Amino acid sequence: MKKVLTLLALFFCLNMVSGQDKIEITADDYENTTVEMADTMRSNGKIYVVVAVVMVVFVGLIVYMIQTERKITRIEKEVFKEKDNS
Amino acid sequence: MKKTWWKILAVAILIYAILGALLFDAPRLNILNETIRNLHFHVTMWFGMIILLTASMVLAIRYLRTGNQKFDLYSVELANVGVLFSILGLVTGAVWANYAWGEPWSGDPKQNGAAVCLLIYLAYFVLRNSINDEQQRGRIGGIYNIFAFAALIPLLFILPRMTDSLHPGNGGNPGFNAYDMDSRLRIVFYPAVIGWTLLGLWMASLRIRMRKVQKQLED
């Protein structure tokens, strides 16, 4: 419980340090079509190609991490068992 | 440490954050245009770094108080991941600056401050590796860690505010400080911070376990 509270307090502190001198973002900013955005890419769905590629890369990295972790677990078992026997 | 639920949580949050960052509605702002989405990747690196380095400093204090070698090991590995995040933050910042400010490195106070922080933390590892005695290394490293953290806060958050800086939220520059009031960016940004931080913890835990095995083999 204490740990959770500390974490929460830390989060609020971060909020305070980071949030000064700001211009508010309003709902108008979402409708302001004078600012160029990648609208074509979104309307023809090509954005999903990017999303798919990014996801494949991310999942690939995570799978690699999981395999590394399994390997470490195996080595841990071997090494610490040896210690007990000797 | 070997519980898996928080790792699954980290991956789930990150998948949500990446999808949200790429697909959710973003505010249309001049100069930034679509690069506003970098908020969920670049800024989260720095938030994650601060959390990890704070934890590292707290563990350094715990080591100094208890003398338990375990805390020293945790402290070092958390600092390691923190430094990785700060390198990623610096590089992504340079890429973003190339488009938003015109050049990757403009000697902006925020960039310089971040670079100095990185050097301070790199010196921490040099210092540690130059001492052979385990206890001495832990003590001197722990104390250095506290001072490094004490230098980090003014360099990143105070000094850039006292001069003109291009970076949002600093100096006389209003910029967008999106994560202040806009709830639609927040619902991706804060989960992303938590997700990257948890991923950092996971990476640190792998290295901690590796180091424990290494130590066991040496004994």
# chains A, B, ... in the order shown; residues from 1 in each chain; ligands from 1
>>> residues_around(residues="region 87-102 of chain B", least_positions_apart="4", cutoff="8 Å", atoms="only C-alpha atoms", output="ChimeraX atom specification")
/B:31-32,35,38,42-43,45-46,83,111,114-115,118,166
>>> write_last_selection(atoms="N, CA and C atoms", output="tab-separated table (two decimals), in the first residue's frame")
chain	number	residue	atom	x	y	z
B	31	ILE	N	3.00	23.69	-37.69
B	31	ILE	CA	4.38	23.23	-37.59
B	31	ILE	C	4.44	21.75	-37.18
B	32	LEU	N	3.70	21.38	-36.14
B	32	LEU	CA	3.81	19.99	-35.67
B	32	LEU	C	3.15	19.01	-36.63
B	35	THR	N	3.37	15.12	-36.55
B	35	THR	CA	4.44	14.74	-35.62
B	35	THR	C	4.01	14.87	-34.17
B	38	ASN	N	4.46	11.94	-32.00
B	38	ASN	CA	5.73	11.61	-31.34
B	38	ASN	C	5.66	11.77	-29.83
B	42	HIS	N	8.41	9.86	-27.88
B	42	HIS	CA	9.58	10.61	-27.42
B	42	HIS	C	9.45	11.03	-25.95
B	43	VAL	N	8.34	11.68	-25.62
B	43	VAL	CA	8.18	12.20	-24.25
B	43	VAL	C	8.07	11.06	-23.24
B	45	MET	N	9.64	8.33	-23.28
B	45	MET	CA	10.98	7.84	-22.95
B	45	MET	C	11.54	8.62	-21.77
B	46	TRP	N	11.36	9.93	-21.78
B	46	TRP	CA	11.90	10.76	-20.70
B	46	TRP	C	11.15	10.52	-19.40
B	83	VAL	N	19.45	4.91	-18.54
B	83	VAL	CA	20.37	5.52	-19.50
B	83	VAL	C	19.99	5.12	-20.93
B	111	GLN	N	18.28	20.40	-24.88
B	111	GLN	CA	19.13	19.36	-25.47
B	111	GLN	C	20.47	19.28	-24.75
B	114	ALA	N	20.08	17.72	-21.34
B	114	ALA	CA	19.89	16.28	-21.43
B	114	ALA	C	21.21	15.58	-21.75
B	115	ALA	N	22.01	16.20	-22.62
B	115	ALA	CA	23.30	15.58	-22.99
B	115	ALA	C	24.23	15.54	-21.77
B	118	LEU	N	23.22	12.77	-19.50
B	118	LEU	CA	23.64	11.48	-20.04
B	118	LEU	C	25.11	11.24	-19.71
B	166	LEU	N	13.60	26.31	-27.27
B	166	LEU	CA	12.59	25.98	-28.27
B	166	LEU	C	11.66	24.89	-27.77
>>> closest_atom_pairs(of="region 4-91 of chain B", to="region 4-10 of chain A", cutoff="12 Å", atoms="only C-alpha atoms", output="CSV")
residue,atom,partner,partner_atom,distance
B:Phe47,CA,A:Leu10,CA,11.0
B:Gly48,CA,A:Leu10,CA,11.9
B:Ile50,CA,A:Leu10,CA,10.0
B:Ile51,CA,A:Leu10,CA,8.1
B:Leu52,CA,A:Leu10,CA,11.5
B:Thr54,CA,A:Leu10,CA,9.3
B:Ala55,CA,A:Leu7,CA,10.0
B:Val58,CA,A:Thr6,CA,11.6
>>> write_last_selection(atoms="C-alpha atoms", output="mmCIF file, in the first residue's frame")
data_model
loop_
_atom_site.group_PDB
_atom_site.id
_atom_site.type_symbol
_atom_site.label_atom_id
_atom_site.label_comp_id
_atom_site.auth_asym_id
_atom_site.auth_seq_id
_atom_site.Cartn_x
_atom_site.Cartn_y
_atom_site.Cartn_z
ATOM 1 C CA PHE B 47 9.079 10.090 -18.255
ATOM 2 C CA GLY B 48 10.131 6.463 -18.102
ATOM 3 C CA ILE B 50 12.832 9.772 -14.670
ATOM 4 C CA ILE B 51 10.834 7.017 -12.987
ATOM 5 C CA LEU B 52 13.595 4.425 -13.464
ATOM 6 C CA THR B 54 14.349 7.824 -9.277
ATOM 7 C CA ALA B 55 13.914 4.167 -8.366
ATOM 8 C CA VAL B 58 16.042 5.229 -3.880
#
>>> residues_around(residues="Arg70 (chain A)", least_positions_apart="5", cutoff="12 Å", atoms="only C-alpha atoms", output="PyMOL selection string")
(chain A and resi 63-65+75-77) or (chain B and resi 2+4+206+209-210)
>>> select_by_dssp(residues="chain B", states="alpha helix (DSSP H)", output="MDAnalysis selection string")
chainID B and resid 5:23 42:66 69:100 109:129 134:153 159:162 183:218
>>> residues_around(residues="Ile66 (chain A)", least_positions_apart="5", cutoff="12 Å", atoms="only C-alpha atoms", output="PyMOL selection string")
(chain A and resi 59-61+71-73) or (chain B and resi 4+7-8+11+199+202-203+206)
>>> residues_around(residues="region 59-66 of chain B", least_positions_apart="4", cutoff="6 Å", atoms="only C-alpha atoms", output="short mmCIF file (atom, residue, chain, number, x, y, z; two decimals) with C-alpha atoms, in the first residue's frame")
data_model
loop_
_atom_site.label_atom_id
_atom_site.label_comp_id
_atom_site.auth_asym_id
_atom_site.auth_seq_id
_atom_site.Cartn_x
_atom_site.Cartn_y
_atom_site.Cartn_z
CA PHE B 71 19.97 -3.28 -3.55
CA ASP B 72 23.20 -2.16 -5.16
CA SER B 75 20.18 0.20 -8.42
CA GLY B 142 25.63 4.72 -4.45
#
